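Here is the file entry_9.csv (CSV, C-alpha atoms).
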chain,number,residue,atom,x,y,z
D,1,MET,CA,35.2,37.2,8.4
D,2,SER,CA,31.4,37.7,8.5
D,3,PHE,CA,29.1,35.4,6.6
D,4,PHE,CA,28.1,37.9,4.0
D,5,ASN,CA,31.5,39.5,3.7
D,6,LYS,CA,32.9,36.1,2.6
D,7,MET,CA,30.5,36.2,-0.4
D,8,LYS,CA,32.3,39.3,-1.8
D,9,GLY,CA,35.3,37.3,-2.9
D,10,GLY,CA,37.9,40.0,-3.1
D,11,GLY,CA,40.7,37.8,-4.5
D,12,GLN,CA,42.1,38.1,-8.0
D,13,SER,CA,41.3,35.7,-10.8
D,14,PRO,CA,44.2,33.8,-12.3
D,15,PRO,CA,45.5,35.0,-15.7
D,16,VAL,CA,44.3,33.7,-19.1
D,17,VAL,CA,46.3,30.9,-20.7
D,18,GLY,CA,48.2,31.3,-24.0
D,19,LEU,CA,47.0,30.4,-27.4
D,20,SER,CA,49.1,27.3,-27.6
D,21,GLU,CA,47.6,26.0,-24.4
D,22,ILE,CA,44.1,26.5,-25.8
D,23,LEU,CA,45.0,24.6,-29.0
D,24,TRP,CA,46.7,21.7,-27.2
D,25,SER,CA,43.7,21.4,-24.9
D,26,TRP,CA,41.4,21.2,-27.9
D,27,LEU,CA,43.6,18.6,-29.6
D,28,GLY,CA,43.8,16.4,-26.5
D,29,ALA,CA,40.0,16.5,-25.9
D,30,PHE,CA,39.3,15.8,-29.6
D,31,PHE,CA,41.5,12.7,-29.7
D,32,GLY,CA,40.6,11.7,-26.2
D,33,ILE,CA,36.8,11.6,-26.7
D,34,MET,CA,37.1,10.3,-30.3
D,35,PRO,CA,38.0,6.6,-29.6
D,36,VAL,CA,35.5,6.3,-26.7
D,37,ALA,CA,32.7,7.7,-28.8
D,38,PHE,CA,33.7,5.6,-31.8
D,39,LEU,CA,33.6,2.4,-29.8
D,40,ASN,CA,30.2,3.5,-28.5
D,41,TYR,CA,28.5,4.6,-31.7
D,42,ASN,CA,30.3,2.5,-34.3
D,43,LEU,CA,32.0,-0.7,-33.1
D,44,PHE,CA,29.6,-1.7,-30.4
D,45,ALA,CA,26.5,0.2,-31.5
D,46,ASP,CA,24.3,-2.8,-31.8
D,47,THR,CA,25.3,-4.4,-28.5
D,48,ASP,CA,24.3,-3.6,-24.9
D,49,LEU,CA,27.7,-2.2,-24.2
D,50,VAL,CA,28.1,1.5,-23.4
D,51,PHE,CA,31.4,3.2,-23.7
D,52,ILE,CA,30.7,6.9,-23.3
D,53,ILE,CA,29.0,8.6,-20.4
D,54,GLY,CA,28.6,12.3,-19.7
D,55,SER,CA,31.2,12.4,-17.0
D,56,PHE,CA,34.0,11.8,-19.5
D,57,GLY,CA,33.3,15.2,-21.0
D,58,ALA,CA,34.2,16.7,-17.6
D,59,SER,CA,37.3,14.5,-17.3
D,60,ALA,CA,38.5,15.8,-20.7
D,61,VAL,CA,38.4,19.3,-19.3
D,62,LEU,CA,40.8,18.3,-16.6
D,63,ILE,CA,43.2,15.8,-18.2
D,64,TYR,CA,43.6,17.8,-21.5
D,65,GLY,CA,42.8,21.4,-20.2
D,66,ALA,CA,44.2,21.6,-16.7
D,67,ILE,CA,46.9,18.9,-16.8
D,68,LYS,CA,48.9,20.2,-13.8
D,69,SER,CA,45.9,20.1,-11.5
D,70,PRO,CA,46.1,17.5,-8.8
D,71,LEU,CA,42.5,16.7,-9.8
D,72,ALA,CA,43.7,15.7,-13.3
D,73,GLN,CA,46.4,13.1,-12.3
D,74,PRO,CA,46.1,9.4,-13.1
D,75,ARG,CA,45.4,8.4,-9.5
D,76,ASN,CA,42.5,10.8,-9.4
D,77,LEU,CA,41.2,10.1,-12.9
D,78,LEU,CA,41.1,6.3,-12.5
D,79,GLY,CA,40.5,6.2,-8.7
D,80,GLY,CA,37.9,8.9,-8.8
D,81,HIS,CA,35.8,7.3,-11.6
D,82,ILE,CA,36.1,3.7,-10.4
D,83,ILE,CA,35.3,4.4,-6.7
D,84,SER,CA,32.4,6.6,-7.6
D,85,ALA,CA,31.1,4.0,-10.1
D,86,ILE,CA,31.1,1.4,-7.4
D,87,ILE,CA,29.3,3.7,-5.0
D,88,GLY,CA,26.8,4.8,-7.6
D,89,VAL,CA,25.8,1.2,-8.5
D,90,ALA,CA,25.6,0.1,-4.9
D,91,VAL,CA,23.5,3.1,-3.9
D,92,PHE,CA,21.1,2.5,-6.8
D,93,LYS,CA,20.8,-1.2,-5.9
D,94,LEU,CA,20.0,-0.3,-2.3
D,95,PHE,CA,17.9,2.9,-2.7
D,96,GLY,CA,16.8,2.7,-6.4
D,97,GLY,CA,13.2,2.9,-5.3
D,98,HIS,CA,13.7,6.5,-4.1
D,99,LEU,CA,15.6,8.2,-6.9
D,100,TRP,CA,15.7,11.5,-5.0
D,101,LEU,CA,17.5,9.9,-2.1
D,102,ALA,CA,19.7,7.6,-4.2
D,103,SER,CA,20.8,10.5,-6.4
D,104,SER,CA,21.9,12.7,-3.5
D,105,LEU,CA,23.4,9.8,-1.5
D,106,ALA,CA,25.4,8.6,-4.5
D,107,VAL,CA,27.0,12.0,-5.2
D,108,ALA,CA,27.7,12.9,-1.6
D,109,THR,CA,29.2,9.6,-0.7
D,110,ALA,CA,31.3,9.5,-3.9
D,111,ILE,CA,32.8,12.9,-2.9
D,112,ALA,CA,33.5,11.7,0.6
D,113,ALA,CA,35.1,8.5,-0.6
D,114,MET,CA,37.2,10.3,-3.2
D,115,HIS,CA,38.4,12.7,-0.5
D,116,ALA,CA,39.3,9.9,1.9
D,117,THR,CA,41.2,8.0,-0.8
D,118,LYS,CA,43.0,11.1,-2.2
D,119,THR,CA,41.4,10.5,-5.6
D,120,LEU,CA,39.2,13.6,-5.8
D,121,HIS,CA,38.1,13.9,-9.4
D,122,PRO,CA,35.1,16.1,-10.1
D,123,PRO,CA,33.7,14.0,-12.9
D,124,GLY,CA,33.5,11.1,-10.4
D,125,GLY,CA,30.5,12.9,-9.0
D,126,ALA,CA,28.8,12.6,-12.4
D,127,THR,CA,29.8,9.0,-12.7
D,128,ALA,CA,28.1,8.1,-9.4
D,129,LEU,CA,25.0,10.2,-10.4
D,130,ILE,CA,24.7,8.6,-13.8
D,131,ALA,CA,24.7,5.1,-12.2
D,132,VAL,CA,21.5,6.3,-10.5
D,133,ILE,CA,19.7,8.5,-13.0
D,134,GLY,CA,21.0,6.8,-16.2
D,135,SER,CA,19.1,4.9,-18.8
D,136,GLN,CA,17.7,1.4,-18.5
D,137,LYS,CA,20.8,0.2,-20.4
D,138,ILE,CA,23.1,1.6,-17.7
D,139,HIS,CA,21.0,0.1,-14.9
D,140,ASP,CA,21.1,-3.3,-16.6
D,141,LEU,CA,24.9,-3.3,-16.5
D,142,GLY,CA,24.9,-3.6,-12.7
D,143,PHE,CA,28.4,-3.6,-11.4
D,144,TYR,CA,29.8,-4.2,-14.9
D,145,TYR,CA,29.2,-0.4,-15.2
D,146,VAL,CA,32.4,-0.1,-13.1
D,147,LEU,CA,34.4,-2.0,-15.7
D,148,VAL,CA,32.7,-0.9,-19.0
D,149,PRO,CA,32.2,2.0,-19.6
D,150,VAL,CA,33.8,3.6,-16.6
D,151,GLY,CA,37.2,1.7,-16.2
D,152,VAL,CA,37.9,0.9,-19.8
D,153,SER,CA,37.0,4.4,-21.1
D,154,ALA,CA,39.0,6.1,-18.4
D,155,CYS,CA,42.0,4.1,-19.3
D,156,ILE,CA,41.6,4.9,-23.0
D,157,MET,CA,41.4,8.6,-22.2
D,158,LEU,CA,44.5,8.3,-19.9
D,159,ILE,CA,46.5,6.8,-22.7
D,160,VAL,CA,45.6,9.6,-25.1
D,161,ALA,CA,46.4,12.1,-22.3
D,162,LEU,CA,49.9,10.6,-21.9
D,163,LEU,CA,50.5,10.7,-25.7
D,164,VAL,CA,49.1,14.1,-26.5
D,165,ASN,CA,50.1,16.1,-23.4
D,166,ASN,CA,53.7,14.9,-23.7
D,167,PHE,CA,53.9,15.6,-27.4
D,168,CYS,CA,53.9,19.3,-26.7
D,169,LYS,CA,57.3,20.7,-25.6
D,170,THR,CA,56.0,22.9,-22.8
D,171,ARG,CA,53.7,20.3,-21.4
D,172,LYS,CA,54.4,17.3,-19.1
D,173,TYR,CA,51.8,14.8,-17.9
D,174,PRO,CA,51.4,13.4,-15.3
D,175,GLU,CA,52.8,15.3,-12.4
D,176,PHE,CA,52.5,12.1,-10.4
D,177,TRP,CA,51.0,8.7,-10.9
D,178,PHE,CA,49.8,7.5,-7.6
E,1,MET,CA,67.9,44.2,14.3
E,2,LYS,CA,68.6,40.7,15.7
E,3,ILE,CA,69.7,38.4,12.9
E,4,SER,CA,67.5,35.6,14.2
E,5,LYS,CA,64.5,37.9,14.0
E,6,LEU,CA,64.8,37.9,10.2
E,7,GLU,CA,61.1,37.8,9.3
E,8,ILE,CA,58.6,37.4,6.5
E,9,PRO,CA,58.0,41.2,5.8
E,10,HIS,CA,61.5,41.4,4.2
E,11,LEU,CA,60.6,38.7,1.6
E,12,LYS,CA,57.0,39.7,1.0
E,13,ILE,CA,55.6,39.2,-2.5
E,14,SER,CA,52.6,40.9,-4.0
E,15,ASN,CA,49.6,39.6,-5.9
E,16,GLU,CA,51.1,41.2,-9.0
E,17,ASP,CA,54.3,39.2,-8.6
E,18,ILE,CA,52.3,36.0,-8.5
E,19,ILE,CA,50.2,36.9,-11.5
E,20,GLN,CA,53.4,37.7,-13.5
E,21,ALA,CA,54.9,34.3,-12.4
E,22,MET,CA,51.7,32.5,-13.3
E,23,LYS,CA,51.7,34.0,-16.8
E,24,LYS,CA,55.2,32.7,-17.4
E,25,ILE,CA,54.0,29.1,-16.9
E,26,PRO,CA,52.3,28.0,-20.1
E,27,GLY,CA,49.8,25.5,-18.6
E,28,TYR,CA,46.6,26.3,-16.7
E,29,LEU,CA,47.3,26.4,-13.0
E,30,ASP,CA,44.5,25.2,-10.8
E,31,ILE,CA,45.2,27.6,-8.0
E,32,THR,CA,44.2,31.2,-7.2
E,33,PRO,CA,46.8,33.9,-6.5
E,34,SER,CA,45.6,34.2,-2.9
E,35,ASP,CA,45.9,30.4,-2.3
E,36,PHE,CA,49.4,30.6,-3.7
E,37,LEU,CA,50.3,33.5,-1.4
E,38,GLU,CA,49.1,31.6,1.6
E,39,LEU,CA,51.3,28.6,0.5
E,40,TYR,CA,54.2,30.9,-0.2
E,41,ASN,CA,54.1,32.5,3.2
E,42,GLY,CA,53.7,29.2,4.9
E,43,ALA,CA,56.6,27.7,3.0
E,44,LEU,CA,58.7,30.8,3.7
E,45,ALA,CA,58.1,30.7,7.4
E,46,HIS,CA,59.1,27.0,7.3
E,47,ALA,CA,62.2,27.6,5.3
E,48,LEU,CA,63.3,30.5,7.6
E,49,GLU,CA,62.9,28.2,10.6
E,50,ARG,CA,65.0,25.6,8.9
E,51,LEU,CA,67.8,28.1,8.0
E,52,LYS,CA,67.8,29.5,11.5
E,53,SER,CA,68.8,26.1,12.9
E,54,ALA,CA,70.8,24.7,10.0
E,55,ILE,CA,74.2,26.2,10.7
E,56,LYS,CA,75.3,25.3,14.2
E,57,ALA,CA,78.1,26.6,16.4
E,58,GLU,CA,80.3,23.6,15.7
E,59,HIS,CA,80.3,24.6,12.0
E,60,VAL,CA,81.8,28.1,12.5
E,61,MET,CA,83.8,27.8,15.7
E,62,GLU,CA,87.6,28.1,15.8
E,63,THR,CA,89.0,24.9,17.2
E,64,SER,CA,92.5,25.9,18.0
E,65,VAL,CA,91.8,28.0,21.1
E,66,VAL,CA,94.5,29.8,23.2
E,67,THR,CA,93.5,29.4,26.8
E,68,ILE,CA,95.1,30.4,30.2
E,69,ASP,CA,95.1,28.8,33.6
E,70,GLU,CA,93.0,30.7,36.2
E,71,ASN,CA,96.0,30.9,38.6
E,72,SER,CA,98.3,32.5,36.1
E,73,SER,CA,99.5,36.0,36.6
E,74,LEU,CA,98.0,38.9,34.6
E,75,THR,CA,101.5,39.5,33.2
E,76,ASP,CA,101.5,36.1,31.7
E,77,ALA,CA,97.9,36.6,30.4
E,78,ALA,CA,98.8,39.9,28.8
E,79,LYS,CA,101.8,38.4,27.1
E,80,LEU,CA,99.8,35.4,25.8
E,81,MET,CA,97.1,37.7,24.4
E,82,ALA,CA,99.7,40.0,22.8
E,83,ASP,CA,101.6,37.1,21.3
E,84,HIS,CA,98.5,35.6,19.8
E,85,ASN,CA,96.9,38.9,18.9
E,86,VAL,CA,93.6,38.1,20.6
E,87,SER,CA,91.5,40.3,22.8
E,88,GLY,CA,90.1,37.6,25.0
E,89,LEU,CA,90.8,34.1,26.4
E,90,PRO,CA,88.9,31.3,28.0
E,91,VAL,CA,90.2,30.7,31.5
E,92,MET,CA,90.6,27.1,32.6
E,93,ASN,CA,90.4,25.7,36.1
E,94,ALA,CA,92.3,22.7,37.6
E,95,GLN,CA,89.6,20.3,36.4
E,96,GLY,CA,90.2,21.5,32.8
E,97,LYS,CA,86.8,23.2,32.5
E,98,VAL,CA,86.2,26.8,31.4
E,99,SER,CA,85.8,28.8,34.6
E,100,GLY,CA,85.7,32.3,33.1
E,101,ILE,CA,86.7,34.6,30.3
E,102,LEU,CA,89.5,37.1,30.4
E,103,SER,CA,89.2,40.0,28.0
E,104,GLU,CA,90.7,43.4,27.5
E,105,LYS,CA,87.6,44.8,29.1
E,106,ASP,CA,88.4,43.0,32.4
E,107,PHE,CA,91.9,44.7,32.3
E,108,LEU,CA,90.4,48.1,31.7
E,109,LYS,CA,87.8,47.6,34.5
E,110,HIS,CA,90.6,47.1,37.0
E,111,MET,CA,92.6,50.1,35.8
E,112,ASN,CA,89.6,52.4,36.2
E,113,THR,CA,86.8,53.1,38.6
E,114,GLN,CA,84.1,53.3,36.1
E,115,GLU,CA,81.6,50.5,35.6
E,116,GLN,CA,81.9,50.5,31.8
E,117,PRO,CA,85.4,51.7,31.1
E,118,SER,CA,86.5,52.4,27.6
E,119,PHE,CA,90.0,52.5,26.2
E,120,MET,CA,89.7,56.3,26.0
E,121,HIS,CA,88.6,56.6,29.6
E,122,THR,CA,91.8,54.8,30.5
E,123,ILE,CA,93.9,57.1,28.4
E,124,LEU,CA,92.3,60.1,30.0
E,125,THR,CA,93.0,58.8,33.5
E,126,CYS,CA,96.5,58.0,32.6
E,127,LEU,CA,97.0,61.6,31.3
E,128,ASP,CA,95.5,63.0,34.5
E,129,THR,CA,97.7,61.0,36.8
E,130,SER,CA,100.8,62.6,35.2
E,131,GLY,CA,102.6,59.7,33.8
E,132,GLN,CA,101.9,57.0,36.3
E,133,CYS,CA,101.0,53.8,34.6
E,134,LEU,CA,97.6,52.4,35.6
E,135,ALA,CA,98.5,49.0,34.5
E,136,HIS,CA,101.1,48.7,37.2
E,137,LYS,CA,98.5,47.9,39.9
E,138,LEU,CA,97.4,44.9,37.9
E,139,LYS,CA,100.7,43.1,38.6
E,140,ARG,CA,99.4,41.7,41.9
E,141,PHE,CA,96.3,40.1,40.5
E,142,LYS,CA,95.8,36.5,39.3
E,143,VAL,CA,93.7,35.8,36.3
E,144,LYS,CA,90.8,34.4,38.3
E,145,GLU,CA,90.5,37.6,40.3
E,146,ILE,CA,89.6,39.8,37.4
E,147,MET,CA,88.1,37.4,34.9
E,148,SER,CA,84.4,37.5,34.0
E,149,ALA,CA,82.7,34.5,35.7
E,150,PRO,CA,80.7,32.5,35.4
E,151,PRO,CA,81.4,32.4,31.6
E,152,ILE,CA,78.6,32.7,29.1
E,153,THR,CA,78.9,29.6,26.9
E,154,VAL,CA,77.1,27.9,24.0
E,155,THR,CA,77.0,24.2,22.9
E,156,MET,CA,78.1,22.8,19.6
E,157,GLU,CA,74.5,22.4,18.6
E,158,THR,CA,73.5,26.0,19.3
E,159,PRO,CA,72.4,27.6,16.0
E,160,VAL,CA,74.7,30.3,14.8
E,161,LEU,CA,72.0,32.9,14.7
E,162,GLU,CA,71.3,32.2,18.3
E,163,VAL,CA,75.0,32.7,19.0
E,164,ALA,CA,74.8,36.1,17.4
E,165,ASP,CA,71.9,37.0,19.6
E,166,ILE,CA,73.8,35.9,22.7
E,167,LEU,CA,76.9,38.0,21.8
E,168,GLU,CA,74.7,41.0,21.2
E,169,ALA,CA,72.5,40.6,24.3
E,170,ASN,CA,75.5,40.2,26.6
E,171,ARG,CA,77.6,42.8,24.8
E,172,ILE,CA,80.5,40.3,24.5
E,173,ASN,CA,82.8,39.6,21.6
E,174,ARG,CA,83.5,35.9,21.9
E,175,VAL,CA,81.9,32.9,23.5
E,176,PRO,CA,83.4,29.5,24.2
E,177,VAL,CA,81.7,26.5,22.7
E,178,LEU,CA,81.4,23.4,24.9
E,179,ASP,CA,80.9,19.8,24.0
E,180,ARG,CA,78.4,17.4,25.7
E,181,GLN,CA,80.9,16.8,28.6
E,182,ALA,CA,81.2,20.6,29.1
E,183,ASN,CA,84.8,20.5,27.8
E,184,LEU,CA,86.0,23.4,25.7
E,185,ALA,CA,85.6,22.4,22.0
E,186,GLY,CA,86.2,25.8,20.4
E,187,ILE,CA,85.4,29.5,20.4
E,188,ILE,CA,83.3,31.8,18.3
E,189,ALA,CA,84.2,35.4,17.9
E,190,ARG,CA,82.2,38.1,16.3
E,191,SER,CA,84.5,38.0,13.3
E,192,ASP,CA,83.8,34.3,12.8
E,193,LEU,CA,80.1,35.2,12.4
E,194,VAL,CA,80.8,37.9,9.9
E,195,ARG,CA,82.8,35.4,7.9
E,196,THR,CA,80.0,32.9,8.0
E,197,LEU,CA,77.4,35.4,6.8
E,198,SER,CA,79.5,36.7,3.9
As structure tokens, the full file:
Amino acid sequence: MSFFNKMKGGGQSPPVVGLSEILWSWLGAFFGIMPVAFLNYNLFADTDLVFIIGSFGASAVLIYGAIKSPLAQPRNLLGGHIISAIIGVAVFKLFGGHLWLASSLAVATAIAAMHATKTLHPPGGATALIAVIGSQKIHDLGFYYVLVPVGVSACIMLIVALLVNNFCKTRKYPEFWF
Amino acid sequence: MKISKLEIPHLKISNEDIIQAMKKIPGYLDITPSDFLELYNGALAHALERLKSAIKAEHVMETSVVTIDENSSLTDAAKLMADHNVSGLPVMNAQGKVSGILSEKDFLKHMNTQEQPSFMHTILTCLDTSGQCLAHKLKRFKVKEIMSAPPITVTMETPVLEVADILEANRINRVPVLDRQANLAGIIARSDLVRTLS
């Protein structure tokens, strides 16, 4: 197929989901983000700890909105975030002087590492990027960033996913663990 | 059509089939219909390969086989075939191996001059020669002189669909099944295959 012909697409888009799926996705995301945000803004507001980062919004799409996806399974959620966080912090420590380079290296390397470890989870790319472009508060965490917020919050969101997704009769989560 | 040539076109599904099936699943599926089609076709091809080799000759063969010695007279052979109501027999040599196949066709061939004699050809010749029985001249032959040899055989591991192709390609009705030591283990007739498929 020629280069420009490929850009035409030509395939069919998948059908829209039912109303119940929409409601359950909303419920899952609401109760998944809530504890993480509450820890961040209420319980630990006056400390240096961070519990919520942008990539969890993306994870919520997958683990509450597309729960059958291989990208949304526990192995990918936990593995993708943790591996990407390690890479993000390491890249910032090594190349933090050149943010343009550190940013691109962090995301690209995170994707490669997630592929290689069968833990591809799109929000992982954001987790790696935030380690580089994040606030001073994030940078000060160093490798603790991998544990809190990334590890702990991913676990909280996973527990909520197990509870909410399996509460619904037509839903089952996860498809596989590891 | 050859049975083993069963191919994907007979089991093709459309984009619409996939969309309908996707709609029946309540959750969001992280796959496009065209990716699914590619997966389906790949899986189907794999499954067909598996099915083609799953049922083997040993699973459908008849193990109680009526055989005849190659030095027997055709009269004995004809009697054996009539008694057991079979239209063909594996022929055994002194070493106990299958040396040929004796079938009704072999009898007809030696009662006629045609290359591919039919039962009706034989009837016609009989009628033309005003009552003289054509079978009479077979009396002096031994089995090994008119049998089809070397025999076409299959092994116990030959997939049944391949057996069907062998019967069809050679225009034969039965094929002996040999074990690893090339001893007769059974026989598969066309009717055995029909029974397997139904």
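Note that the spacing between CA of Val66 in chain E and CA of Asn85 in chain E amounts to 10.3 Å.
Counting all atoms listed in the file, the residue from D:Tyr64, D:Phe92, D:Phe4, D:Tyr145 that sits nearest to chain E is D:Tyr64.
Counting all atoms listed in the file, Asp140 in chain D has the following residues at most 12 Å away, ignoring those fewer than 5 positions along the same chain: Asp48, Leu49, Val50, Val89, Phe92, Lys93, Ala131, Val132, Gly134, Ser135 and Tyr145 of chain D.
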Checklist entry - By how many Å are CA of Ser55 in chain D and CA of Gly125 in chain D apart? => result 8.0 Å
Taking a cut-off of 7 Å and counting only C-alpha atoms, can you build a table that, for each residue of chain D near chain E, reports the nearest atom pair and how far apart they are in Å (one decimal), sorted by chain then residue number, as JSON lines?
{"residue": "D:Gly11", "atom": "CA", "partner": "E:Ser34", "partner_atom": "CA", "distance": 6.3}
{"residue": "D:Gln12", "atom": "CA", "partner": "E:Pro33", "partner_atom": "CA", "distance": 6.5}
{"residue": "D:Ser13", "atom": "CA", "partner": "E:Thr32", "partner_atom": "CA", "distance": 6.5}
{"residue": "D:Pro14", "atom": "CA", "partner": "E:Thr32", "partner_atom": "CA", "distance": 5.7}
{"residue": "D:Pro15", "atom": "CA", "partner": "E:Lys23", "partner_atom": "CA", "distance": 6.4}
{"residue": "D:Val17", "atom": "CA", "partner": "E:Tyr28", "partner_atom": "CA", "distance": 6.1}
{"residue": "D:Gly18", "atom": "CA", "partner": "E:Pro26", "partner_atom": "CA", "distance": 6.6}
{"residue": "D:Glu21", "atom": "CA", "partner": "E:Gly27", "partner_atom": "CA", "distance": 6.2}
{"residue": "D:Ala66", "atom": "CA", "partner": "E:Tyr28", "partner_atom": "CA", "distance": 5.3}
{"residue": "D:Lys68", "atom": "CA", "partner": "E:Leu29", "partner_atom": "CA", "distance": 6.5}
{"residue": "D:Ser69", "atom": "CA", "partner": "E:Asp30", "partner_atom": "CA", "distance": 5.3}
{"residue": "D:Thr170", "atom": "CA", "partner": "E:Pro26", "partner_atom": "CA", "distance": 6.9}
Checklist outcome for this item: Using all atoms listed in the file, the residue out of D:Gly97, D:His81, D:Leu162, D:Ser59 with shortest distance to Ala113 in chain D is D:His81
Checklist outcome for this item: Taken to one decimal, the CA of Glu157 in chain E-CA of Gly42 in chain E distance is 25.8 Å
Checklist entry - Hey, which of E:Ala185, E:Val177, E:Ile68, E:Leu193 ends up closest to Asp165 in chain E? Count all atoms listed in the file. => result E:Leu193
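With distances taken over all atoms listed in the file, D:Leu158 is the one residue among D:Leu158, D:Ala106, D:Cys168, D:Val16 lying closest to Phe31 in chain D.
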Checklist entry - Do you know which residues are at most 12 Å from Lys144 in chain E counting all atoms listed in the file, after dropping those on the same chain fewer than 2 positions away, and could you put them as a count of residues only? => result 31
Item to check | Among listed residues E:Thr196, E:Asn41, E:Thr67, E:Ser53, nearest Pro159 in chain E (using only C-alpha atoms) | outcome: E:Ser53
Next on the checklist: If we count only C-alpha atoms and set the cut-off at 10 Å, which residues sit around Ala164 in chain E, ignoring sequence neighbours fewer than 4 positions away in its own chain? Please answer as a list of chain:residue names.
Outcome noted: E:Lys2, E:Ile3, E:Ser4, E:Pro159, E:Val160, E:Glu168, E:Ala169, E:Asn173, E:Arg174, E:Val175, E:Ile188, E:Ala189, E:Arg190, E:Leu193, E:Val194
Next on the checklist: Can you tell me which residues surround Leu120 in chain D at a distance of at most 10 Å, considering only C-alpha atoms, apart from same-chain residues fewer than 2 positions away, and format the answer as a PyMOL selection string?
Outcome noted: chain D and resi 70-73+75-77+79-81+84+110-118+122-125
Checklist entry - Using all atoms listed in the file, which residue out of D:Phe143, D:Phe178, D:Phe3, D:Trp26 lies closest to Leu62 in chain D? => result D:Trp26
